[in-house]
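First the structure, in the form of structure tokens, and then the observations on it.
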Amino acid sequence: MNINSLVDTVRALFEGDRGLLAMDESNPTCNKRFEAAGILQSEENRREYREMIITTPGLDKFIGGVILYDETIRQATGNGTPFVQIIQEAGIIPGIKVDLGEEDLAAHPGEKITAGLDGLRERLADYSKMGARFAKWRSVITVAEFIPSRGCIEANMQTLARYAALCQEAGLVPIVEPEVLMEGTHSMDRCRDVTEEVLRTLFNELFRQGVILEGLILKPNMILPGLTCSHQQSVEVVAKATVHSLLKVVPAAVPAVAFLSGGQSGELVSERLNAMNLQFKGRLPWSLTFSFARAIQYPALEIWNGKESNVPAAQQALSHRAKCNWAARGGEYSKAIESNGSVTASGDGSL
Ligand code: 13P
């Protein structure tokens, strides 16, 4: 394993305040998003949609890496140029989702385990040859009255750690994503307690499996009340709770924390990320950045609507959300950038 090359990849992914764009929805998930937007679900439409994303002009200013799905990493533009080549030539690093989704965890009603360790060493070697330099694996933890159980947390965190060790062996930077789901009526305190337990278990397992923390990216949820909790919290409270929890459980050797959006709206998640970076600027051991799917791709998906004539407007919308999050990473997101794209929050003038 070449640790320096892993460290270099992490640095390149996030340099210039850039973040990640997750465009790695599995075919069923992508089809579900298409269905909700009234777009025909087909391989060609998924290809055209992904082509729209990766050919967005100037995306490399805000996005350092894109996470692809197995179907997408093998695809090419309408004129036959491989997607990976388009991405690399744009100055963006290609990555790949390598988990195979969740299945029911035996003997644990209502809980899931992520599949995909079998044959992973060979798949990682193939993806590396195709140009991927980092990978992603998502574990999901559901919060309800009597769950998550220790059994579910330990099984999922050990799986994440074994995946991460295989990635580093193959020279790929692992994104480890233990997602405590927002769905539910639970309070923000409950989300905090579960998230801290999950992350503590994760870092124990990463240590036991010999994973080098300097060469990985943590992709956690923010500390939030459940989606249907009657008591929602302000942006500042969420920002503070999230950073305080991370400071307690995420070792300083980890270079980057790149949040998932988890179903938060585009504007709200930008505000929350911005508040964290603004309040804690210069006082954190890791960078706080983003690895969003829905929060960057919406509303571009709806504008695109499966029509080539809508591509420029959809690309503009995608670029706008990417820019808002790039600004939030520097604590410079504001209503002005949200409405007209200019960065003025800390008086630095427009770009
Ligand atoms: P969201 O930002 O839509 O939560 O997706 C992030 C992701 O990559 C989920 O695995």
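Naming works like this for the structure tokens: A, B, ... for the chains as they're shown, residue 1 at the start of each chain, ligands 1 onward in shown order.
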So that I can check the surroundings of Val211 in chain A, please list as a list in words every protein, DNA and RNA residue that reaches within 10 Å of it, counting only C-alpha atoms and ignoring chain neighbours fewer than 5 positions away.
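Skipping anything fewer than 5 positions along the chain leaves Ala161, Arg162, Tyr163, Ala164, Ala165, Leu166, Cys167, Gln168, Glu169, Pro174, Phe203, Glu205, Leu206 and Leu216 of chain A.
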Take the residues from that selection and write them out as a JSON list (two decimals), in the first residue's frame, keeping N, CA and C atoms.
[["chain", "number", "residue", "atom", "x", "y", "z"],
["A", 161, "ALA", "N", -15.17, -1.44, 7.72],
["A", 161, "ALA", "CA", -13.73, -1.45, 7.96],
["A", 161, "ALA", "C", -13.03, -2.45, 7.04],
["A", 162, "ARG", "N", -13.67, -3.60, 6.81],
["A", 162, "ARG", "CA", -13.06, -4.59, 5.90],
["A", 162, "ARG", "C", -13.03, -4.06, 4.46],
["A", 163, "TYR", "N", -14.08, -3.38, 4.07],
["A", 163, "TYR", "CA", -14.11, -2.73, 2.75],
["A", 163, "TYR", "C", -12.99, -1.69, 2.64],
["A", 164, "ALA", "N", -12.83, -0.89, 3.71],
["A", 164, "ALA", "CA", -11.82, 0.18, 3.67],
["A", 164, "ALA", "C", -10.41, -0.41, 3.54],
["A", 165, "ALA", "N", -10.16, -1.50, 4.25],
["A", 165, "ALA", "CA", -8.83, -2.12, 4.18],
["A", 165, "ALA", "C", -8.57, -2.64, 2.76],
["A", 166, "LEU", "N", -9.58, -3.24, 2.14],
["A", 166, "LEU", "CA", -9.41, -3.74, 0.76],
["A", 166, "LEU", "C", -9.16, -2.59, -0.22],
["A", 167, "CYS", "N", -9.85, -1.47, -0.01],
["A", 167, "CYS", "CA", -9.64, -0.30, -0.89],
["A", 167, "CYS", "C", -8.19, 0.17, -0.79],
["A", 168, "GLN", "N", -7.71, 0.33, 0.44],
["A", 168, "GLN", "CA", -6.34, 0.86, 0.61],
["A", 168, "GLN", "C", -5.32, -0.11, 0.02],
["A", 169, "GLU", "N", -5.56, -1.41, 0.17],
["A", 169, "GLU", "CA", -4.68, -2.42, -0.44],
["A", 169, "GLU", "C", -4.63, -2.22, -1.97],
["A", 174, "PRO", "N", -10.82, 4.95, 0.45],
["A", 174, "PRO", "CA", -12.19, 4.58, 0.79],
["A", 174, "PRO", "C", -12.97, 5.74, 1.40],
["A", 203, "PHE", "N", -14.60, 3.63, 14.28],
["A", 203, "PHE", "CA", -13.15, 3.88, 14.38],
["A", 203, "PHE", "C", -12.43, 2.76, 15.13],
["A", 205, "GLU", "N", -13.26, -0.39, 14.78],
["A", 205, "GLU", "CA", -13.15, -1.45, 13.75],
["A", 205, "GLU", "C", -12.10, -1.08, 12.70],
["A", 206, "LEU", "N", -12.06, 0.19, 12.33],
["A", 206, "LEU", "CA", -11.04, 0.62, 11.35],
["A", 206, "LEU", "C", -9.65, 0.36, 11.91],
["A", 216, "LEU", "N", -8.28, 7.99, 4.31],
["A", 216, "LEU", "CA", -9.71, 7.72, 4.10],
["A", 216, "LEU", "C", -10.51, 9.01, 4.24]]
Expected answer as a PyMOL selection string: residues within 10 Å of ligand 1, only C-alpha atoms and all ligand atoms:
chain A and resi 20-26+67-68+97+99+101+136-140+175-179+181-182+219-221+258-266+269+290-298
Of the candidates A:Gly184, A:Ser309, A:Leu247, A:Glu51, which shows the shortest atom-to-atom distance to Ser230 in chain A, using only C-alpha atoms?
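Comparing A:Gly184, A:Ser309, A:Leu247, A:Glu51 against Ser230 in chain A, the winner is A:Gly184.
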Residues at most 7 Å from range 1-8 of chain A, counting only C-alpha atoms, excluding those fewer than 6 positions away in the same chain, as an NGL selection string?
:A and (168-169 or 171-173 or 214-215)
Write a file of the selected residues as a short mmCIF file (atom, residue, chain, number, x, y, z; two decimals), in the first residue's frame, keeping N, CA and C atoms.
data_model
loop_
_atom_site.label_atom_id
_atom_site.label_comp_id
_atom_site.auth_asym_id
_atom_site.auth_seq_id
_atom_site.Cartn_x
_atom_site.Cartn_y
_atom_site.Cartn_z
N GLN A 168 -7.71 0.33 0.44
CA GLN A 168 -6.34 0.86 0.61
C GLN A 168 -5.32 -0.11 0.02
N GLU A 169 -5.56 -1.41 0.17
CA GLU A 169 -4.68 -2.42 -0.44
C GLU A 169 -4.63 -2.22 -1.97
N GLY A 171 -5.05 0.60 -3.49
CA GLY A 171 -4.61 1.95 -3.85
C GLY A 171 -5.74 2.94 -4.05
N LEU A 172 -6.95 2.56 -3.60
CA LEU A 172 -8.10 3.47 -3.71
C LEU A 172 -8.41 4.06 -2.34
N VAL A 173 -8.75 5.35 -2.32
CA VAL A 173 -9.15 5.98 -1.05
C VAL A 173 -10.58 5.55 -0.73
N GLU A 214 -5.26 8.40 7.75
CA GLU A 214 -4.83 9.52 6.90
C GLU A 214 -5.26 9.32 5.43
N GLY A 215 -5.60 8.09 5.09
CA GLY A 215 -5.94 7.80 3.69
C GLY A 215 -7.39 7.40 3.52
#
Best match for closeness to Val198 in chain A among A:Glu154, A:Glu236, A:Glu71, A:Glu15, counting only C-alpha atoms:
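Counting only C-alpha atoms, the residue closest to Val198 in chain A is A:Glu154.
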Considering only C-alpha atoms, state which residue in the set A:Leu284, A:Cys152, A:Ala170, A:Leu301 is at the smallest distance from Leu124 in chain A.
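Once distances to Leu124 in chain A are computed over only C-alpha atoms, the minimum belongs to A:Ala170.
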Please indicate the distance in Å from CA of Tyr333 in chain A to CA of Arg272 in chain A, rounded to one decimal place.
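Separating CA of Tyr333 in chain A from CA of Arg272 in chain A is a distance of 9.9 Å.
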Using only C-alpha atoms, find the one residue out of A:Gln158, A:Asn79, A:Asp193, A:Asn325 that sits nearest to Arg208 in chain A.
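Among A:Gln158, A:Asn79, A:Asp193, A:Asn325, it is A:Gln158 that comes nearest to Arg208 in chain A.
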Could you go through range 27-214 of chain A and tell me which residues DSSP, when run on the backbone, assigns to strand (DSSP E), listing them as a PyMOL selection string?
chain A and resi 63-68+93-97+102-104+112-114+134-141+173-180
Atomic separation - CA of Thr228 in chain A relative to CA of Cys30 in chain A, Å
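Calculated distance between CA of Cys30 in chain A and CA of Thr228 in chain A is 24.8 Å.
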I'd like the neighbourhood of Glu338 in chain A as a list in words, where a residue qualifies if any of its atoms comes within 12 Å (using only C-alpha atoms), though same-chain residues fewer than 6 positions away should be ignored.
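Counting only the stated atoms, we get Gly266, Glu267, Leu268, Ser270, Glu271, Ala317, Ser319, His320, Arg321, Ala322, Lys323, Cys324, Asn325, Trp326, Ala327, Ala328, Glu332, Thr344 and Ala345 of chain A.
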Next, write the just-selected residues to a file, as a compact mmCIF listing (two decimals), in the first residue's frame, keeping all heavy atoms as the atom set.
# COMPACT_ATOMS: atom_id res chain seq x y z
N GLY A 266 -31.69 21.39 -0.67
CA GLY A 266 -30.42 21.97 -1.12
C GLY A 266 -30.01 23.20 -0.34
O GLY A 266 -28.87 23.33 0.09
N GLU A 267 -30.96 24.11 -0.13
CA GLU A 267 -30.62 25.38 0.54
C GLU A 267 -30.30 25.15 2.02
O GLU A 267 -29.33 25.70 2.55
CB GLU A 267 -31.77 26.39 0.42
CG GLU A 267 -31.92 26.89 -1.00
CD GLU A 267 -32.90 28.04 -1.12
OE1 GLU A 267 -33.10 28.75 -0.12
OE2 GLU A 267 -33.44 28.23 -2.22
N LEU A 268 -31.10 24.32 2.67
CA LEU A 268 -30.92 24.09 4.11
C LEU A 268 -29.57 23.42 4.39
O LEU A 268 -28.84 23.79 5.32
CB LEU A 268 -32.06 23.23 4.65
CG LEU A 268 -32.17 23.10 6.16
CD1 LEU A 268 -32.22 24.46 6.83
CD2 LEU A 268 -33.43 22.29 6.52
N SER A 270 -26.90 23.58 2.60
CA SER A 270 -25.83 24.56 2.37
C SER A 270 -25.70 25.49 3.58
O SER A 270 -24.61 25.82 4.03
CB SER A 270 -26.11 25.42 1.12
OG SER A 270 -26.14 24.63 -0.04
N GLU A 271 -26.87 25.92 4.10
CA GLU A 271 -26.84 26.81 5.28
C GLU A 271 -26.18 26.13 6.47
O GLU A 271 -25.40 26.73 7.21
CB GLU A 271 -28.28 27.18 5.70
CG GLU A 271 -28.93 28.28 4.90
CD GLU A 271 -30.28 28.63 5.52
OE1 GLU A 271 -30.34 29.08 6.67
OE2 GLU A 271 -31.30 28.43 4.83
N ALA A 317 -28.29 24.96 -13.24
CA ALA A 317 -28.85 24.68 -11.90
C ALA A 317 -27.89 23.79 -11.10
O ALA A 317 -27.68 24.00 -9.90
CB ALA A 317 -30.22 24.02 -12.04
N SER A 319 -24.63 23.50 -11.51
CA SER A 319 -23.45 24.29 -11.21
C SER A 319 -23.73 25.25 -10.04
O SER A 319 -22.88 25.47 -9.17
CB SER A 319 -23.05 25.07 -12.47
OG SER A 319 -21.88 25.77 -12.26
N HIS A 320 -24.94 25.78 -10.02
CA HIS A 320 -25.31 26.72 -8.95
C HIS A 320 -25.27 26.04 -7.58
O HIS A 320 -24.69 26.57 -6.63
CB HIS A 320 -26.70 27.29 -9.22
CG HIS A 320 -27.18 28.22 -8.14
ND1 HIS A 320 -26.58 29.44 -7.88
CD2 HIS A 320 -28.16 28.08 -7.22
CE1 HIS A 320 -27.18 30.01 -6.86
NE2 HIS A 320 -28.13 29.20 -6.44
N ARG A 321 -25.89 24.84 -7.49
CA ARG A 321 -25.89 24.14 -6.19
C ARG A 321 -24.46 23.75 -5.80
O ARG A 321 -24.08 23.80 -4.63
CB ARG A 321 -26.78 22.89 -6.21
CG ARG A 321 -28.24 23.20 -6.19
CD ARG A 321 -28.91 23.08 -4.82
NE ARG A 321 -28.33 23.83 -3.73
CZ ARG A 321 -28.60 25.11 -3.42
NH1 ARG A 321 -29.46 25.81 -4.13
NH2 ARG A 321 -28.02 25.70 -2.39
N ALA A 322 -23.67 23.34 -6.78
CA ALA A 322 -22.28 22.98 -6.48
C ALA A 322 -21.53 24.20 -5.95
O ALA A 322 -20.78 24.12 -4.97
CB ALA A 322 -21.60 22.43 -7.74
N LYS A 323 -21.79 25.35 -6.57
CA LYS A 323 -21.12 26.58 -6.15
C LYS A 323 -21.56 27.00 -4.74
O LYS A 323 -20.74 27.43 -3.92
CB LYS A 323 -21.44 27.70 -7.15
CG LYS A 323 -20.78 29.01 -6.83
CD LYS A 323 -21.08 30.04 -7.90
CE LYS A 323 -20.34 31.33 -7.65
NZ LYS A 323 -20.56 32.30 -8.73
N CYS A 324 -22.86 26.86 -4.45
CA CYS A 324 -23.36 27.22 -3.12
C CYS A 324 -22.66 26.37 -2.05
O CYS A 324 -22.29 26.87 -0.98
CB CYS A 324 -24.88 27.01 -3.04
SG CYS A 324 -25.80 28.27 -3.92
N ASN A 325 -22.47 25.10 -2.33
CA ASN A 325 -21.83 24.23 -1.34
C ASN A 325 -20.33 24.50 -1.24
O ASN A 325 -19.74 24.41 -0.16
CB ASN A 325 -22.14 22.77 -1.66
CG ASN A 325 -23.59 22.45 -1.37
OD1 ASN A 325 -24.08 22.70 -0.27
ND2 ASN A 325 -24.31 21.97 -2.37
N TRP A 326 -19.74 24.83 -2.35
CA TRP A 326 -18.32 25.23 -2.36
C TRP A 326 -18.14 26.48 -1.48
O TRP A 326 -17.21 26.57 -0.67
CB TRP A 326 -17.91 25.49 -3.81
CG TRP A 326 -16.63 26.21 -4.02
CD1 TRP A 326 -15.37 25.67 -4.01
CD2 TRP A 326 -16.48 27.61 -4.31
NE1 TRP A 326 -14.44 26.65 -4.26
CE2 TRP A 326 -15.10 27.84 -4.45
CE3 TRP A 326 -17.37 28.67 -4.48
CZ2 TRP A 326 -14.59 29.11 -4.74
CZ3 TRP A 326 -16.86 29.93 -4.77
CH2 TRP A 326 -15.49 30.12 -4.89
N ALA A 327 -19.09 27.43 -1.61
CA ALA A 327 -19.03 28.63 -0.77
C ALA A 327 -19.24 28.27 0.70
O ALA A 327 -18.57 28.81 1.59
CB ALA A 327 -20.08 29.64 -1.23
N ALA A 328 -20.17 27.35 0.96
CA ALA A 328 -20.46 26.92 2.34
C ALA A 328 -19.23 26.27 2.97
O ALA A 328 -19.01 26.37 4.17
CB ALA A 328 -21.63 25.96 2.36
N GLU A 332 -18.71 30.96 3.36
CA GLU A 332 -19.04 32.18 2.60
C GLU A 332 -20.37 32.09 1.86
O GLU A 332 -20.66 32.90 0.99
CB GLU A 332 -17.91 32.48 1.60
CG GLU A 332 -16.59 32.69 2.30
CD GLU A 332 -15.65 33.54 1.48
OE1 GLU A 332 -15.82 33.56 0.24
OE2 GLU A 332 -14.78 34.19 2.08
N THR A 344 -20.45 37.21 -1.16
CA THR A 344 -20.19 38.47 -0.46
C THR A 344 -20.27 38.31 1.05
O THR A 344 -20.10 39.26 1.79
CB THR A 344 -21.23 39.55 -0.85
OG1 THR A 344 -22.53 39.01 -0.63
CG2 THR A 344 -21.10 39.96 -2.29
N ALA A 345 -20.52 37.09 1.52
CA ALA A 345 -20.86 36.87 2.93
C ALA A 345 -19.86 37.48 3.90
O ALA A 345 -20.23 38.10 4.87
CB ALA A 345 -20.98 35.38 3.21
Could you make a table, as JSON lines, of the residues of range 149-228 of chain A that have an atom within 8 Å of an atom of range 105-115 of chain A, each with its nearest atom pair and distance in Å to one decimal, counting only C-alpha atoms, in chain and number order?
{"residue": "A:Ser149", "atom": "CA", "partner": "A:His108", "partner_atom": "CA", "distance": 7.9}
{"residue": "A:Gly151", "atom": "CA", "partner": "A:His108", "partner_atom": "CA", "distance": 8.0}
{"residue": "A:Cys152", "atom": "CA", "partner": "A:Glu111", "partner_atom": "CA", "distance": 6.7}
{"residue": "A:Ala155", "atom": "CA", "partner": "A:Ile113", "partner_atom": "CA", "distance": 7.3}
{"residue": "A:Asn156", "atom": "CA", "partner": "A:Ile113", "partner_atom": "CA", "distance": 5.9}
{"residue": "A:Thr159", "atom": "CA", "partner": "A:Thr114", "partner_atom": "CA", "distance": 7.8}
